[in-house]
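Chemist: Quick one: the structure is below, questions incoming.
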Amino acid sequence: MAEHDDGLIVLTINGREVRAPKGTMLVDAAKAAGIEIPIFCYEPRLGAPIGACRMCLVEVEGMRGLQTACSTPVAPDMVVNTESEVAKDAQDGVLELLLANHPLDCPVCDKGGECPLQDRTFRFGPGRTRSLEPKLHFPKPLDLSPLVALDRERCIACFRCVRFSQEVAEDGQLTFQERGDHTEIATFSGDPYEGRFTGNTIDLCPVGALTSNPYRFVSRPWDIKNTPSVCAGCSMGCNLEITEREGDVKRLTGRPEPNMAVEEGWICDRGRWGYPALRSADRLQAPVLADAVGRRNVPLERAVTEASGLLAARGARVGILLGDAVTVETGFLACELAARVGGGTPAMVARTGIPGHGLGPMRALPGAQMDDIDGADVVLVVGGDPCTQQPVAELRIRGARRAGAQVAVIGPRPTALDASCEALRTTPGHLLDAAAVINERLQGSERAVVLWDEADLAAEPAAAEAIARVVAATPGARAIEMCADVSGPGLRALGIPAAGDLLTALEAGAIDILLTIGADPTAGPAGDRWAAAADRAGTIIEMATHRTGLTDRATLVLPMLAPLEDEGVLVSMTGRAQRLRPGAREAAGAAAAWEMIVGITHRIGSPVPDRTPAQAFRRLAEQHAAFAGLDYRVIGSEGAAVAPVPQDPGVPARGPVGDGLLVVPCAPVFGDAVAHRSDALEAVREPSRVALAPAEAERLGVRTDARVRVTTPEGTVVLPLEIDSRLHEGAVYLVMGDPASGAARLLPGDRGPVHAAVSAAAREEVGA
Amino acid sequence: MTAHEIEEYLSPMRHEFADPRSLILPALKFAQGDSGWLPAEDMAAVAEATGFSQAYVESVATFYDRLYVEPVGRRVINVCVTLSCMLRGSDEIFDHLADYLGLDGEGTTEDGMFTLAKVQCIGACDRAPCLQIDSGEQIGPLEPADATCLVDDLREQPAPARYER
Ligand code: SF4
Ligand code: SF4
Ligand code: FES
Ligand code: FES
């Protein structure tokens, strides 16, 4: 009777019959039945329950004393009461004790109004205190890190932040010190809490003990509006929530209802604190028109009209370049526009990013979602460095290791996973040699997940082919592509090629008008070539969020909305279509790229039928097999899988270009343009630099405090040098931080292998 | 104190503990023997020797009153202030000692000779009011005058080779 055929356990909670799968904790069983048991410390994402706060005490018939519902699993015929006299008394008692030293400074607390301690006290608490003792006070607040503030007297010692640090991020930094009422959260000798995920402790804290420094005193919960959206920081596509006040983005947090198939509710600090970049000094504020009269600001309407006039000119040869964070709707509409310009001369449409010829076999492997990593028996990271390039993936991989998976990190770069997982360092440029090891590690596995790096394997097509063969031969093995660009997967699914041909056409003088959409080719690979090529086009029309290397040369500058302000779909690296929802008022003088394109088609006299991104999406789903059957409703708040598209089989065999050492490119998201524009991230952003193995530095005669000249066929840049004994000799690790440093410009346009000559720079040489 | 020295000290007892976390306490006590307290470097050495994070080791150290993460005097005088001792006059003993040592309550004398601390029951209620020097025998019952004599005696003694606290 108690155990049903369906395997569910039957028990009684508050007189009601409840069914739950074996192993379910009482809190969850009750919650599923609509009964709230108050909790503070319980958080399954942090591992097994620890029963630290005692908030969840309930009465279970036949059991001595009260039980913690968070750590008591359901059992057949259990009779539970969460509202009995005894249970209510316990709830009162626990809250009274938790509040004994709590300052109750809710009116000046950032958490006030969205605070579980407040909510639970109102709902379950005693209403008044009997305590006459003076409360304990600590000076406040303390900076736990430049980004996280700690108010010790508000802490209820629930252990959530400590468990996050110890058991999820595994950075081992946060602990409790002292004991009893003097217990406080601390790091070793008061060092700042450093890491890429520190902000998650703020989301986890059930009281106002941990708050965001940049958000401190910025708004109250009743002044704000929260919108679920997606981070466009990297191809992970973490789901997040945008907090808006009076039209401005004031805060980003993890989703209160985590997307377990993507980010599990965690976001990295780059994602969380990148939003101040929306208001950085170089944000484009107003459209600019340069014509015979001069260079001046014009109203947006006028700018769009001018753009359509230029693009409509009969015979104009137009090239459209899409950047690395544009939505699929924008990409689709750009293609629609391409068919309408030049009075019948179709435009070339291309995307920045990696061509990926030769990745066909890897992309044909069965795909996995992030939550498949949880249950994997073997997890292999091949090339790249998820810890710095797709940070939240690191947390998932650590979780798999804790759950017993064999994890190996294979590639030329040292990573933050090396200390706890098997690290197999390969010789730069020789991922092909790793195929044998990969094969060995996959032997006997049944649920392997292979995360592979787009950039690294695109540079080594032979390795891609060999590794794909090994993975394809392993039953149950699935793959996740760690993509270099945010918009790459979406634009590829629309069939939009990389920009190699467009660059050649520009250089050959075969393009009259270059329209860039959210792209700054002059700051990326082959930047100098792009700058020169763009000059050959008579006219540049730029849609951009911030100033770029083309802004001053453009005939028309159309300020566009950033992903946090825009609506549309991005496809994540696991091929998941996810919706961006606008979390802020449109920036003054700016408009969404899709909207400007729609406007241009209207003025050209050949309007597209779409008035909203949803309509554009519906149409593109009809035309592109990858998106078949999808619309905004199907995508919903959890996202939906995009079908894999057949890949361009072309393998342009080309060896490395240039002289010197092989370049190992590193593109940390904490070094990207947004990180450098956001003042909140000042203390944690990554500068551009060159890193060498000690022996290599010695051979080249360069020292740590020196700056070095790095030369590839694409140009020369002077960068600071770092010597790191974990690196391979015979290679130069190029860390592409600050875009202004020009480091990324040293890579070839096709992102194929390149050599660089490194030498000591003269003292006075700085920057690019 | 180096991590190596701590490891050597721990190696004969490692097998006694099923949970390696249990090694942290003996390691900290051992490390504290050197200078009488635990500077950050010593805690870092314990972390290295036991394989736990520095933060975790510090968390353990701060949990226990008799592990000192701030410098203390050559001798620590622990005056019991729990019920039995309190009823039998521990307040007077404490105040008298503080006065005699020129301290304003708990703390360390300027010459670094003594640290005066209030502690909870030290398990000698039958000898209340009592106190304990470092981890030595409980001494009691005491009159305020006995306490000051004790201090005078201690002053004469040389610094211990290793601190037992
Ligand atoms: S700071 Fe917040 S999350 Fe951390 S233990 Fe205290 S109440 Fe819990
Ligand atoms: S991992 Fe990537 S997508 Fe996720 S929050 Fe960080 S930058 Fe954004
Ligand atoms: S929620 Fe159960 S003890 Fe904290
Ligand atoms: S109360 Fe002082 S020894 Fe027990």
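Lettering and numbering for the structure tokens are positional, with chains as A, B, ... in the shown order, residues counted from 1 in each chain, and ligands counted from 1 in the shown order.
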Would you pick out the contacts of Cys125 of chain B at 10 Å or less, using only C-alpha atoms, so that residues sharing its chain but fewer than 2 positions from it are not included, and give the list as a list of chain:residue names?
Modeler: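 Final neighbour list, sorted by chain and number: B:Cys80, B:Thr82, B:Leu83, B:Ser84, B:Cys85, B:Arg88, B:Cys121, B:Ile122, B:Gly123, B:Arg127, B:Ala128, B:Pro129, B:Cys130, B:Gln138, B:Gly140, B:Pro141.
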Chemist: For chain A, which residues have at least one atom within 8 Å of chain B, if we go by only C-alpha atoms? Write them as a PyMOL selection string, please.
Modeler: chain A and resi 172-179+186-189
Chemist: Asn213 of chain A: which residues within 10 Å, counting only C-alpha atoms, same-chain residues fewer than 6 positions away excluded, as a PDB file with N, CA and C atoms, in the first residue's frame?
Modeler:
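Full text of around23.pdb as output:
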ATOM      1  N   ASP A 143      34.806  44.489   3.256  1.00  0.00           N
ATOM      2  CA  ASP A 143      34.898  44.035   1.874  1.00  0.00           C
ATOM      3  C   ASP A 143      35.455  42.630   1.859  1.00  0.00           C
ATOM      4  N   LEU A 144      34.630  41.675   1.490  1.00  0.00           N
ATOM      5  CA  LEU A 144      35.126  40.312   1.376  1.00  0.00           C
ATOM      6  C   LEU A 144      35.994  40.233   0.120  1.00  0.00           C
ATOM      7  N   SER A 145      35.611  41.033  -0.875  1.00  0.00           N
ATOM      8  CA  SER A 145      36.385  41.174  -2.104  1.00  0.00           C
ATOM      9  C   SER A 145      35.997  42.546  -2.632  1.00  0.00           C
ATOM     10  N   PRO A 146      36.641  43.004  -3.687  1.00  0.00           N
ATOM     11  CA  PRO A 146      36.230  44.324  -4.202  1.00  0.00           C
ATOM     12  C   PRO A 146      34.754  44.328  -4.607  1.00  0.00           C
ATOM     13  N   LEU A 147      34.177  43.165  -4.853  1.00  0.00           N
ATOM     14  CA  LEU A 147      32.824  43.114  -5.371  1.00  0.00           C
ATOM     15  C   LEU A 147      31.787  42.677  -4.344  1.00  0.00           C
ATOM     16  N   VAL A 148      32.215  41.945  -3.324  1.00  0.00           N
ATOM     17  CA  VAL A 148      31.267  41.393  -2.363  1.00  0.00           C
ATOM     18  C   VAL A 148      31.491  42.028  -0.984  1.00  0.00           C
ATOM     19  N   ALA A 149      30.420  42.589  -0.435  1.00  0.00           N
ATOM     20  CA  ALA A 149      30.506  43.189   0.900  1.00  0.00           C
ATOM     21  C   ALA A 149      29.940  42.216   1.924  1.00  0.00           C
ATOM     22  N   LEU A 150      30.561  42.173   3.101  1.00  0.00           N
ATOM     23  CA  LEU A 150      30.113  41.272   4.163  1.00  0.00           C
ATOM     24  C   LEU A 150      29.680  42.089   5.376  1.00  0.00           C
ATOM     25  N   ALA A 680      33.094  48.095 -12.673  1.00  0.00           N
ATOM     26  CA  ALA A 680      32.962  47.158 -11.552  1.00  0.00           C
ATOM     27  C   ALA A 680      34.032  46.075 -11.611  1.00  0.00           C
TER      28      ALA A 680
END
Chemist: Write out as a list in words which residues come within 8 Å of Asp91 of chain B when counting only C-alpha atoms, dropping same-chain ones fewer than 4 positions away.
Modeler: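 Final neighbour list, sorted by chain and number: Val81, Met86 and Asp95 of chain B.
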Chemist: Given the selection you just returned, output its residues as a file containing C-alpha atoms, formatted as an mmCIF file, in the first residue's frame.
Modeler:
data_model
loop_
_atom_site.group_PDB
_atom_site.id
_atom_site.type_symbol
_atom_site.label_atom_id
_atom_site.label_comp_id
_atom_site.auth_asym_id
_atom_site.auth_seq_id
_atom_site.Cartn_x
_atom_site.Cartn_y
_atom_site.Cartn_z
ATOM 1 C CA VAL B 81 34.449 32.499 35.452
ATOM 2 C CA MET B 86 31.763 32.837 39.956
ATOM 3 C CA ASP B 95 39.886 41.987 38.878
#
Chemist: Please extract the residues at most 7 Å from ligand 3, counting only C-alpha atoms and all ligand atoms, and provide them as a short mmCIF file (atom, residue, chain, number, x, y, z; two decimals) with N, CA and C atoms, in the first residue's frame, using the chain letters and residue numbers of this document.
Modeler:
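Okay, this is what ended up in result36.cif:
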data_model
loop_
_atom_site.label_atom_id
_atom_site.label_comp_id
_atom_site.auth_asym_id
_atom_site.auth_seq_id
_atom_site.Cartn_x
_atom_site.Cartn_y
_atom_site.Cartn_z
N ILE A 39 12.97 27.11 5.13
CA ILE A 39 14.36 26.64 5.11
C ILE A 39 15.30 27.83 5.05
N PHE A 40 16.53 27.64 5.41
CA PHE A 40 17.60 28.60 5.12
C PHE A 40 18.79 27.92 4.48
N CYS A 41 19.29 26.87 5.14
CA CYS A 41 20.55 26.30 4.65
C CYS A 41 20.35 25.32 3.50
N TYR A 42 19.16 24.73 3.38
CA TYR A 42 18.95 23.69 2.37
C TYR A 42 19.10 24.25 0.96
N ILE A 50 23.00 19.70 5.08
CA ILE A 50 23.85 19.66 6.26
C ILE A 50 23.09 19.95 7.55
N GLY A 51 21.83 20.36 7.43
CA GLY A 51 21.05 20.59 8.64
C GLY A 51 21.66 21.62 9.58
N ALA A 52 22.10 22.74 9.03
CA ALA A 52 22.81 23.71 9.87
C ALA A 52 21.90 24.70 10.58
N CYS A 53 20.77 25.04 9.97
CA CYS A 53 20.02 26.19 10.50
C CYS A 53 18.84 25.80 11.39
N ARG A 54 18.37 24.58 11.30
CA ARG A 54 17.25 24.05 12.08
C ARG A 54 15.92 24.73 11.77
N MET A 55 15.84 25.48 10.66
CA MET A 55 14.60 26.20 10.38
C MET A 55 13.50 25.23 9.95
N CYS A 56 13.88 24.06 9.46
CA CYS A 56 12.90 23.20 8.79
C CYS A 56 12.34 22.12 9.72
N LEU A 57 12.43 22.32 11.03
CA LEU A 57 11.98 21.29 11.95
C LEU A 57 10.49 20.97 11.77
N THR A 68 14.65 17.45 10.97
CA THR A 68 14.92 18.48 9.95
C THR A 68 14.40 17.96 8.61
N ALA A 69 13.41 18.66 8.08
CA ALA A 69 12.76 18.19 6.85
C ALA A 69 13.71 18.22 5.66
N CYS A 70 14.77 19.02 5.76
CA CYS A 70 15.69 19.11 4.62
C CYS A 70 16.58 17.90 4.52
N SER A 71 16.73 17.16 5.61
CA SER A 71 17.66 16.03 5.55
C SER A 71 16.99 14.72 5.99
N CYS A 158 24.44 30.04 7.98
CA CYS A 158 23.75 28.94 7.31
C CYS A 158 24.70 28.08 6.49
#
Chemist: Which residues are near Cys268 of chain A? Cut-off 9 Å, only C-alpha atoms, ignore same chain within fewer than 4 positions. Put them as a PyMOL selection string.
Modeler: chain A and resi 196-200+238+272-273+391-392
Chemist: Would you save the residues from that selection as a PDB file, in the first residue's frame, using N, CA, C and O atoms?
Modeler:
ATOM      1  N   ARG A 196      36.411  33.541  -9.865  1.00  0.00           N
ATOM      2  CA  ARG A 196      35.618  33.935 -11.027  1.00  0.00           C
ATOM      3  C   ARG A 196      34.137  33.810 -10.759  1.00  0.00           C
ATOM      4  O   ARG A 196      33.323  34.179 -11.571  1.00  0.00           O
ATOM      5  N   PHE A 197      33.780  33.285  -9.571  1.00  0.00           N
ATOM      6  CA  PHE A 197      32.358  33.003  -9.315  1.00  0.00           C
ATOM      7  C   PHE A 197      31.847  33.605  -8.012  1.00  0.00           C
ATOM      8  O   PHE A 197      30.810  33.196  -7.501  1.00  0.00           O
ATOM      9  N   THR A 198      32.582  34.554  -7.438  1.00  0.00           N
ATOM     10  CA  THR A 198      32.298  35.017  -6.075  1.00  0.00           C
ATOM     11  C   THR A 198      30.874  35.535  -5.907  1.00  0.00           C
ATOM     12  O   THR A 198      30.277  35.393  -4.848  1.00  0.00           O
ATOM     13  N   GLY A 199      30.324  36.149  -6.973  1.00  0.00           N
ATOM     14  CA  GLY A 199      29.011  36.767  -6.863  1.00  0.00           C
ATOM     15  C   GLY A 199      27.893  35.792  -6.544  1.00  0.00           C
ATOM     16  O   GLY A 199      26.859  36.183  -6.007  1.00  0.00           O
ATOM     17  N   ASN A 200      28.089  34.524  -6.855  1.00  0.00           N
ATOM     18  CA  ASN A 200      27.031  33.554  -6.559  1.00  0.00           C
ATOM     19  C   ASN A 200      26.742  33.467  -5.067  1.00  0.00           C
ATOM     20  O   ASN A 200      25.642  33.094  -4.670  1.00  0.00           O
ATOM     21  N   CYS A 238      24.580  31.403 -20.195  1.00  0.00           N
ATOM     22  CA  CYS A 238      23.958  31.244 -18.880  1.00  0.00           C
ATOM     23  C   CYS A 238      22.671  32.050 -18.808  1.00  0.00           C
ATOM     24  O   CYS A 238      22.621  33.196 -19.238  1.00  0.00           O
ATOM     25  N   ARG A 272      28.056  38.646 -14.373  1.00  0.00           N
ATOM     26  CA  ARG A 272      27.279  39.369 -13.371  1.00  0.00           C
ATOM     27  C   ARG A 272      27.569  40.868 -13.345  1.00  0.00           C
ATOM     28  O   ARG A 272      26.679  41.683 -13.184  1.00  0.00           O
ATOM     29  N   TRP A 273      28.837  41.216 -13.493  1.00  0.00           N
ATOM     30  CA  TRP A 273      29.191  42.620 -13.318  1.00  0.00           C
ATOM     31  C   TRP A 273      29.666  43.285 -14.617  1.00  0.00           C
ATOM     32  O   TRP A 273      30.413  44.254 -14.586  1.00  0.00           O
ATOM     33  N   PRO A 391      33.435  30.192 -18.383  1.00  0.00           N
ATOM     34  CA  PRO A 391      33.700  29.892 -16.969  1.00  0.00           C
ATOM     35  C   PRO A 391      32.709  28.953 -16.285  1.00  0.00           C
ATOM     36  O   PRO A 391      33.130  28.043 -15.572  1.00  0.00           O
ATOM     37  N   VAL A 392      31.426  29.152 -16.478  1.00  0.00           N
ATOM     38  CA  VAL A 392      30.487  28.368 -15.684  1.00  0.00           C
ATOM     39  C   VAL A 392      30.571  26.866 -16.016  1.00  0.00           C
ATOM     40  O   VAL A 392      30.250  26.019 -15.184  1.00  0.00           O
TER      41      VAL A 392
END
Chemist: Could the residues that lie within 8 Å of ligand 2, counting only C-alpha atoms and all ligand atoms, be listed as a PDB file with N, CA and C atoms, in the first residue's frame?
Modeler:
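What landed in out.pdb:
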ATOM      1  N   VAL A 230      19.400  36.155 -20.969  1.00  0.00           N
ATOM      2  CA  VAL A 230      20.531  35.261 -21.164  1.00  0.00           C
ATOM      3  C   VAL A 230      21.793  36.099 -21.237  1.00  0.00           C
ATOM      4  N   CYS A 231      22.874  35.599 -20.688  1.00  0.00           N
ATOM      5  CA  CYS A 231      24.146  36.308 -20.732  1.00  0.00           C
ATOM      6  C   CYS A 231      24.772  36.139 -22.112  1.00  0.00           C
ATOM      7  N   ALA A 232      25.239  37.244 -22.675  1.00  0.00           N
ATOM      8  CA  ALA A 232      25.928  37.173 -23.956  1.00  0.00           C
ATOM      9  C   ALA A 232      27.425  37.340 -23.744  1.00  0.00           C
ATOM     10  N   GLY A 233      27.905  36.935 -22.579  1.00  0.00           N
ATOM     11  CA  GLY A 233      29.331  37.083 -22.264  1.00  0.00           C
ATOM     12  C   GLY A 233      30.192  36.034 -22.952  1.00  0.00           C
ATOM     13  N   CYS A 234      29.663  34.840 -23.060  1.00  0.00           N
ATOM     14  CA  CYS A 234      30.405  33.801 -23.772  1.00  0.00           C
ATOM     15  C   CYS A 234      29.383  32.795 -24.286  1.00  0.00           C
ATOM     16  N   SER A 235      29.863  31.761 -24.954  1.00  0.00           N
ATOM     17  CA  SER A 235      28.930  30.854 -25.617  1.00  0.00           C
ATOM     18  C   SER A 235      28.200  29.906 -24.664  1.00  0.00           C
ATOM     19  N   MET A 236      28.557  29.946 -23.357  1.00  0.00           N
ATOM     20  CA  MET A 236      27.813  29.151 -22.375  1.00  0.00           C
ATOM     21  C   MET A 236      26.327  29.520 -22.405  1.00  0.00           C
ATOM     22  N   GLY A 237      26.047  30.808 -22.579  1.00  0.00           N
ATOM     23  CA  GLY A 237      24.655  31.240 -22.615  1.00  0.00           C
ATOM     24  C   GLY A 237      23.933  31.044 -21.299  1.00  0.00           C
ATOM     25  N   CYS A 238      24.580  31.403 -20.195  1.00  0.00           N
ATOM     26  CA  CYS A 238      23.958  31.244 -18.880  1.00  0.00           C
ATOM     27  C   CYS A 238      22.671  32.050 -18.808  1.00  0.00           C
ATOM     28  N   ASN A 239      21.655  31.454 -18.220  1.00  0.00           N
ATOM     29  CA  ASN A 239      20.405  32.162 -17.998  1.00  0.00           C
ATOM     30  C   ASN A 239      20.605  33.072 -16.802  1.00  0.00           C
ATOM     31  N   LEU A 240      20.101  34.273 -16.889  1.00  0.00           N
ATOM     32  CA  LEU A 240      20.246  35.184 -15.759  1.00  0.00           C
ATOM     33  C   LEU A 240      19.026  36.067 -15.664  1.00  0.00           C
ATOM     34  N   GLU A 263      23.060  26.520 -16.801  1.00  0.00           N
ATOM     35  CA  GLU A 263      24.021  27.090 -15.851  1.00  0.00           C
ATOM     36  C   GLU A 263      23.740  26.687 -14.414  1.00  0.00           C
ATOM     37  N   TRP A 266      24.134  29.274 -11.618  1.00  0.00           N
ATOM     38  CA  TRP A 266      25.393  29.991 -11.351  1.00  0.00           C
ATOM     39  C   TRP A 266      25.714  30.906 -12.520  1.00  0.00           C
ATOM     40  N   ILE A 267      26.256  32.059 -12.250  1.00  0.00           N
ATOM     41  CA  ILE A 267      26.836  32.862 -13.330  1.00  0.00           C
ATOM     42  C   ILE A 267      28.221  33.313 -12.877  1.00  0.00           C
ATOM     43  N   CYS A 268      29.063  33.640 -13.833  1.00  0.00           N
ATOM     44  CA  CYS A 268      30.410  34.044 -13.435  1.00  0.00           C
ATOM     45  C   CYS A 268      30.416  35.548 -13.163  1.00  0.00           C
ATOM     46  N   ASP A 269      31.484  36.023 -12.532  1.00  0.00           N
ATOM     47  CA  ASP A 269      31.532  37.440 -12.157  1.00  0.00           C
ATOM     48  C   ASP A 269      31.611  38.361 -13.375  1.00  0.00           C
ATOM     49  N   ARG A 270      32.196  37.875 -14.465  1.00  0.00           N
ATOM     50  CA  ARG A 270      32.227  38.675 -15.690  1.00  0.00           C
ATOM     51  C   ARG A 270      30.796  38.869 -16.207  1.00  0.00           C
ATOM     52  N   GLY A 271      30.015  37.797 -16.173  1.00  0.00           N
ATOM     53  CA  GLY A 271      28.624  37.903 -16.608  1.00  0.00           C
ATOM     54  C   GLY A 271      27.844  38.811 -15.674  1.00  0.00           C
ATOM     55  N   ARG A 272      28.056  38.646 -14.373  1.00  0.00           N
ATOM     56  CA  ARG A 272      27.279  39.369 -13.371  1.00  0.00           C
ATOM     57  C   ARG A 272      27.569  40.868 -13.345  1.00  0.00           C
ATOM     58  N   GLN A 389      37.407  30.697 -20.530  1.00  0.00           N
ATOM     59  CA  GLN A 389      36.690  31.102 -21.744  1.00  0.00           C
ATOM     60  C   GLN A 389      35.188  30.837 -21.701  1.00  0.00           C
ATOM     61  N   GLN A 390      34.775  29.814 -20.963  1.00  0.00           N
ATOM     62  CA  GLN A 390      33.342  29.552 -20.751  1.00  0.00           C
ATOM     63  C   GLN A 390      33.194  29.208 -19.273  1.00  0.00           C
ATOM     64  N   PRO A 391      33.435  30.192 -18.383  1.00  0.00           N
ATOM     65  CA  PRO A 391      33.700  29.892 -16.969  1.00  0.00           C
ATOM     66  C   PRO A 391      32.709  28.953 -16.285  1.00  0.00           C
ATOM     67  N   VAL A 392      31.426  29.152 -16.478  1.00  0.00           N
ATOM     68  CA  VAL A 392      30.487  28.368 -15.684  1.00  0.00           C
ATOM     69  C   VAL A 392      30.571  26.866 -16.016  1.00  0.00           C
ATOM     70  N   ALA A 393      31.094  26.551 -17.205  1.00  0.00           N
ATOM     71  CA  ALA A 393      31.290  25.141 -17.547  1.00  0.00           C
ATOM     72  C   ALA A 393      32.221  24.472 -16.535  1.00  0.00           C
ATOM     73  N   VAL A 669      37.327  35.464 -20.912  1.00  0.00           N
ATOM     74  CA  VAL A 669      36.201  36.414 -20.950  1.00  0.00           C
ATOM     75  C   VAL A 669      36.431  37.572 -19.974  1.00  0.00           C
TER      76      VAL A 669
END
Chemist: Can you measure atom CA of Glu595 of chain A to atom CA of Thr330 of chain A for me? One decimal in Å is fine.
Modeler: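 About the pair atom CA of Glu595 of chain A and atom CA of Thr330 of chain A: they are 8.5 Å apart.
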Chemist: Name the residues in contact with segment 96-109 of chain B at a cut-off of 10 Å, using only C-alpha atoms, excluding same-chain residues fewer than 4 positions from it; report them as number ranges by chain.
Modeler: B: 71-79, 90-92, 113-118, 143-145, 147-148, 151
Chemist: How would the residues just picked look written out with N, CA and C atoms as a CSV table (one decimal), in the first residue's frame?
Modeler:
chain,number,residue,atom,x,y,z
B,71,PRO,N,49.3,37.2,18.9
B,71,PRO,CA,50.3,36.9,19.9
B,71,PRO,C,49.8,37.0,21.3
B,72,VAL,N,50.3,36.1,22.2
B,72,VAL,CA,50.0,36.1,23.6
B,72,VAL,C,51.3,36.2,24.4
B,73,GLY,N,51.1,36.4,25.8
B,73,GLY,CA,52.3,36.5,26.6
B,73,GLY,C,53.0,35.2,26.8
B,74,ARG,N,54.2,35.3,27.5
B,74,ARG,CA,55.0,34.0,27.7
B,74,ARG,C,54.1,33.0,28.5
B,75,ARG,N,53.3,33.5,29.5
B,75,ARG,CA,52.4,32.6,30.2
B,75,ARG,C,51.0,33.1,30.0
B,76,VAL,N,50.0,32.2,29.9
B,76,VAL,CA,48.6,32.6,29.8
B,76,VAL,C,47.9,32.2,31.1
B,77,ILE,N,47.3,33.1,31.8
B,77,ILE,CA,46.6,32.9,33.0
B,77,ILE,C,45.1,32.8,32.7
B,78,ASN,N,44.5,31.6,32.8
B,78,ASN,CA,43.1,31.4,32.5
B,78,ASN,C,42.3,31.4,33.8
B,79,VAL,N,41.5,32.4,34.0
B,79,VAL,CA,40.7,32.5,35.2
B,79,VAL,C,39.3,31.9,34.9
B,90,SER,N,35.2,34.4,41.7
B,90,SER,CA,36.2,34.5,40.6
B,90,SER,C,36.3,36.0,40.1
B,91,ASP,N,35.2,36.8,40.2
B,91,ASP,CA,35.3,38.1,39.8
B,91,ASP,C,36.4,38.9,40.5
B,92,GLU,N,36.4,38.7,41.8
B,92,GLU,CA,37.4,39.4,42.6
B,92,GLU,C,38.8,38.9,42.2
B,113,MET,N,55.0,39.4,29.2
B,113,MET,CA,55.1,38.3,30.1
B,113,MET,C,53.8,37.5,30.3
B,114,PHE,N,52.7,38.2,30.4
B,114,PHE,CA,51.5,37.5,30.8
B,114,PHE,C,50.3,37.9,29.9
B,115,THR,N,49.5,36.9,29.6
B,115,THR,CA,48.2,37.2,29.1
B,115,THR,C,47.1,36.7,30.1
B,116,LEU,N,46.2,37.6,30.4
B,116,LEU,CA,45.1,37.2,31.3
B,116,LEU,C,43.8,37.0,30.5
B,117,ALA,N,43.2,35.8,30.8
B,117,ALA,CA,42.0,35.5,30.0
B,117,ALA,C,40.9,34.9,30.9
B,118,LYS,N,39.7,35.2,30.6
B,118,LYS,CA,38.5,34.5,31.3
B,118,LYS,C,38.2,33.3,30.5
B,143,GLU,N,42.6,32.7,47.1
B,143,GLU,CA,42.3,34.0,47.7
B,143,GLU,C,43.0,35.0,46.7
B,144,PRO,N,42.5,36.2,46.6
B,144,PRO,CA,43.1,37.2,45.7
B,144,PRO,C,44.7,37.2,45.9
B,145,ALA,N,45.1,37.2,47.2
B,145,ALA,CA,46.5,37.3,47.5
B,145,ALA,C,47.3,36.1,46.9
B,147,ALA,N,46.7,34.5,44.3
B,147,ALA,CA,46.8,34.7,42.8
B,147,ALA,C,48.0,35.6,42.5
B,148,THR,N,48.2,36.7,43.3
B,148,THR,CA,49.3,37.6,43.0
B,148,THR,C,50.6,36.9,43.3
B,151,VAL,N,51.7,34.9,40.4
B,151,VAL,CA,52.2,35.7,39.4
B,151,VAL,C,53.7,36.0,39.7
Chemist: List as a PyMOL selection string the protein and nucleic acid residues near segment 701-713 of chain A, meaning an atom at most 10 Å away when only C-alpha atoms are counted, but skip any in the same chain fewer than 2 places from it.
Modeler: chain A and resi 526+657-661+663+689-692+694-699+715-724+732+734+743+745-748+754-768
Chemist: Just checking: using only C-alpha atoms, which residue out of B:Tyr9, B:Leu23, B:His15, B:Lys29 ends up closest to Arg162 of chain B?
Modeler: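 Checking each candidate against Arg162 of chain B, we get B:Lys29 as the closest.
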Chemist: Got a sec to check which residues lie within 6 Å of ligand 1, using only C-alpha atoms and all ligand atoms, and send them as a PyMOL selection string?
Modeler: chain A and resi 155-161+204-207+209-210
Chemist: Keeping only C-alpha atoms, write those residues as an mmCIF file, in the first residue's frame.
Modeler:
data_model
loop_
_atom_site.group_PDB
_atom_site.id
_atom_site.type_symbol
_atom_site.label_atom_id
_atom_site.label_comp_id
_atom_site.auth_asym_id
_atom_site.auth_seq_id
_atom_site.Cartn_x
_atom_site.Cartn_y
_atom_site.Cartn_z
ATOM 1 C CA CYS A 155 24.881 36.485 9.012
ATOM 2 C CA ILE A 156 22.816 33.566 10.295
ATOM 3 C CA ALA A 157 25.647 31.065 9.803
ATOM 4 C CA CYS A 158 23.747 28.943 7.309
ATOM 5 C CA PHE A 159 26.936 27.770 5.595
ATOM 6 C CA ARG A 160 25.623 28.366 2.076
ATOM 7 C CA CYS A 161 28.425 30.687 0.973
ATOM 8 C CA LEU A 204 22.809 32.235 -2.194
ATOM 9 C CA CYS A 205 22.880 34.263 1.013
ATOM 10 C CA PRO A 206 19.381 34.107 2.541
ATOM 11 C CA VAL A 207 19.956 37.354 4.437
ATOM 12 C CA ALA A 209 25.074 39.469 5.002
ATOM 13 C CA LEU A 210 26.607 39.226 1.549
#
